[in-house]
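Notes follow once the structure below has been shown.
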Amino acid sequence: MPVETRPAPAPPAPAALAAKVRTLAPTMTRSMQRVAEAVASDPAGCAALTVTGLAERTGTSEATVVRTSRLLGYPGYRDLRLALAALAAQQAAGGAPAVTADIAVDDSLADVVTKLAQEEQQCLADTAAGLDVTQLEAAVTALVGARRIDVYGIGASHLVGQDLAQKLLRIGLIAHAHADPHLAVTNAVQLKTGDVALAITHSGRTTDVIEPLRVAFDHGATTIAITGRPDGEIASYADHILTTSSARESELRPAAMSSRTSQLLVVDCLFIGVAQRTYETAAPALSASYEALAHRHSPRSPQR
């Protein structure tokens with residue numbers, strides 16, 4: 001039987017280019033980083049350069065420029081150049097992506113609040129700009145029709161998975177978030193066609209998340225990956241890929257912290273999409289759960 005291939009994703013929109021650079025730069029070679037940093041910091045100037053000109057400006061080769069263009073999601077340098085021109089036009093119109101400084105160990109708390117707020121806002125904007133709505137719609141459709149939903153994540157990603165699972169449970173879907181990798185695999189073995197397995201991993205290469213998703217995939221379940229690396233190993237076992245962005249990593253802001261905000265945005269988009277599609281049953285289920293917990297939020301009567 002011929003092997004099914006997933007259609008190549010569309011090149012990122014100009015507004016998402018800076019986000020792609022921030023997400024992928026840490027994994028690039030140093031020469032590719034120079035190209036990526038150049039196009040992100042000066043899109044107008046780079047858009048005016050030929051592939052030879054950009055190679056000379058960054059002290060790299062034409063092959064490196066082309067490889068960087070492809071890693072950023074463009075078929076070739078010509079397509080990247082067009083995106084740079086569009087991004088430069090957006091910047092000239094006042095829509096330039098914000099660039100914030102890293103948090104320093106001696107920053108005041110006021111500065112920390114300001115920098116974190118800017119980073120979080122940019123992270124959300126980058127994720128929204130790069131999110132494939134077609135993939136999102138397909139993931140929502142799969143969740144709506146699922147007999148059972150398993151969610152896999154480790155560490156901070158597990159917390160995001162728990163958030164999704166408890167939201168889905170409150171509108172009547174059968175969803176469970178698994179943190180124990182052994183339990184995740186033993187549960188994945190029980191999945192079949194009509195079930196959904198959803199994995200959350202920013203790096204796209206977390207073995208304890210990839211393994212249960214692979215097992216679920218092999219058993220016929222529909223698989224969804226929320227990841228910052230759509231080209232990572234996780235993609236091999238995902239029917240639908242939802243790409244997230246993250247702020248730059250630093251000593252005081254590791255990847256787990258910087259990626260959480262964008263993951264939560266995607267989770268919320270999935271939940272709202274499912275709730276909209278199942279409103280007739282979701283609304284009464286939410287009301288019932290609120291009523292069941294209402295007495296726990298009421299002030300206690302003073303005891304005599």
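Identifiers for the structure tokens are assigned positionally: chains receive A, B, ... in sequence, residues are indexed from 1 per chain, and ligands are indexed from 1 in the order shown.
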Exercise. Write out as a list in words each polymer residue whose atoms come within 12 Å of Glu56 (chain A), counting only C-alpha atoms; drop sequence neighbours fewer than 5 positions from it.
Key: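 Once the adjacent positions are removed, what remains is Ser31, Arg34, Val35, Ala38, Cys46, Leu49, Thr50, Val51, Ser61, Glu62, Ala63, Thr64 and Val65 of chain A.
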Could you save the residues just selected, with N, CA and C atoms, as a PDB file, in the first residue's frame?
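After the write, out08.pdb holds the following:
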```pdb
ATOM      1  N   SER A  31      26.131  29.506  11.755  1.00  0.00           N
ATOM      2  CA  SER A  31      26.038  30.250  10.491  1.00  0.00           C
ATOM      3  C   SER A  31      24.573  30.495  10.121  1.00  0.00           C
ATOM      4  N   ARG A  34      23.146  33.320  12.142  1.00  0.00           N
ATOM      5  CA  ARG A  34      23.502  34.668  11.648  1.00  0.00           C
ATOM      6  C   ARG A  34      22.525  35.104  10.560  1.00  0.00           C
ATOM      7  N   VAL A  35      22.147  34.183   9.689  1.00  0.00           N
ATOM      8  CA  VAL A  35      21.179  34.516   8.638  1.00  0.00           C
ATOM      9  C   VAL A  35      19.820  34.827   9.257  1.00  0.00           C
ATOM     10  N   ALA A  38      19.738  38.119  11.072  1.00  0.00           N
ATOM     11  CA  ALA A  38      19.798  39.256  10.142  1.00  0.00           C
ATOM     12  C   ALA A  38      18.419  39.549   9.554  1.00  0.00           C
ATOM     13  N   CYS A  46      17.228  43.211   4.303  1.00  0.00           N
ATOM     14  CA  CYS A  46      17.481  41.880   3.743  1.00  0.00           C
ATOM     15  C   CYS A  46      16.594  41.594   2.542  1.00  0.00           C
ATOM     16  N   LEU A  49      18.177  42.333  -0.714  1.00  0.00           N
ATOM     17  CA  LEU A  49      19.394  41.615  -1.071  1.00  0.00           C
ATOM     18  C   LEU A  49      19.101  40.347  -1.854  1.00  0.00           C
ATOM     19  N   THR A  50      19.968  40.022  -2.772  1.00  0.00           N
ATOM     20  CA  THR A  50      19.910  38.722  -3.435  1.00  0.00           C
ATOM     21  C   THR A  50      20.436  37.669  -2.475  1.00  0.00           C
ATOM     22  N   VAL A  51      20.321  36.425  -2.851  1.00  0.00           N
ATOM     23  CA  VAL A  51      20.831  35.363  -1.994  1.00  0.00           C
ATOM     24  C   VAL A  51      22.331  35.515  -1.799  1.00  0.00           C
ATOM     25  N   SER A  61      27.307  31.251   3.362  1.00  0.00           N
ATOM     26  CA  SER A  61      27.266  30.839   1.962  1.00  0.00           C
ATOM     27  C   SER A  61      25.839  30.895   1.431  1.00  0.00           C
ATOM     28  N   GLU A  62      25.711  30.860   0.102  1.00  0.00           N
ATOM     29  CA  GLU A  62      24.380  30.850  -0.500  1.00  0.00           C
ATOM     30  C   GLU A  62      23.600  29.608  -0.056  1.00  0.00           C
ATOM     31  N   ALA A  63      24.293  28.477   0.059  1.00  0.00           N
ATOM     32  CA  ALA A  63      23.635  27.245   0.500  1.00  0.00           C
ATOM     33  C   ALA A  63      23.080  27.394   1.918  1.00  0.00           C
ATOM     34  N   THR A  64      23.821  28.094   2.779  1.00  0.00           N
ATOM     35  CA  THR A  64      23.350  28.310   4.146  1.00  0.00           C
ATOM     36  C   THR A  64      22.105  29.187   4.156  1.00  0.00           C
ATOM     37  N   VAL A  65      22.077  30.202   3.310  1.00  0.00           N
ATOM     38  CA  VAL A  65      20.900  31.074   3.211  1.00  0.00           C
ATOM     39  C   VAL A  65      19.684  30.277   2.770  1.00  0.00           C
TER      40      VAL A  65
END
```
Self-check item: Shell of 10 Å around Ser287 (chain A), only C-alpha atoms, local chain residues under 5 positions omitted, as a ChimeraX atom specification
Solution: /A:170-171,282,292
Save out the residues we just selected, N, CA and C atoms, as a PDB file, in the first residue's frame.
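Written output follows (again-v5.pdb):
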```
ATOM      1  N   ARG A 170     -15.575  18.687  32.010  1.00  0.00           N
ATOM      2  CA  ARG A 170     -16.680  19.511  32.503  1.00  0.00           C
ATOM      3  C   ARG A 170     -17.764  19.724  31.463  1.00  0.00           C
ATOM      4  N   ILE A 171     -17.477  19.425  30.194  1.00  0.00           N
ATOM      5  CA  ILE A 171     -18.533  19.531  29.184  1.00  0.00           C
ATOM      6  C   ILE A 171     -18.956  18.140  28.698  1.00  0.00           C
ATOM      7  N   ALA A 282     -22.874  20.809  25.969  1.00  0.00           N
ATOM      8  CA  ALA A 282     -21.798  21.409  26.763  1.00  0.00           C
ATOM      9  C   ALA A 282     -22.337  22.419  27.773  1.00  0.00           C
ATOM     10  N   ALA A 292     -22.812  21.913  41.159  1.00  0.00           N
ATOM     11  CA  ALA A 292     -22.287  20.886  42.056  1.00  0.00           C
ATOM     12  C   ALA A 292     -21.208  21.431  42.980  1.00  0.00           C
TER      13      ALA A 292
END
```
Exercise. Find the residues around Ala216 (chain A) up to 6 Å (only C-alpha atoms counted), leave out those fewer than 5 positions away in its own chain, and share them as a PyMOL selection string.
Key: chain A and resi 188+191+221
Quiz item: CA of Thr243 (chain A) and CA of Leu116 (chain A), how far apart in Å?
Solution: 21.5 Å
Quiz item: CA of Val133 (chain A) and CA of Gln90 (chain A) are how many Å apart?
Solution: 21.7 Å
Practice problem: Between CA of Val267 (chain A) and CA of Ala294 (chain A), measure the distance and give it in Å to one decimal. | Solution: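 According to the coordinates, CA of Val267 (chain A) and CA of Ala294 (chain A) are separated by 25.2 Å.
Distance annotation: of A:Ala238, A:Ala138, A:Ala88, A:Leu270, the residue with the minimal separation from Leu164 (chain A) is A:Leu270; atom set is only C-alpha atoms.
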Quiz item: Quick one: residues within 7 Å of Gln263 (chain A), only C-alpha atoms counted, chain neighbours fewer than 4 positions away excluded, as a VMD selection string?
Solution: chain A and resid 160 244 259 267
Quiz item: Just asking: which residues within region 56-173 of chain A are helix (DSSP H, G or I) according to DSSP, as a PyMOL selection string?
Solution: chain A and resi 56-58+62-71+77-92+109-130+133-144+156-170
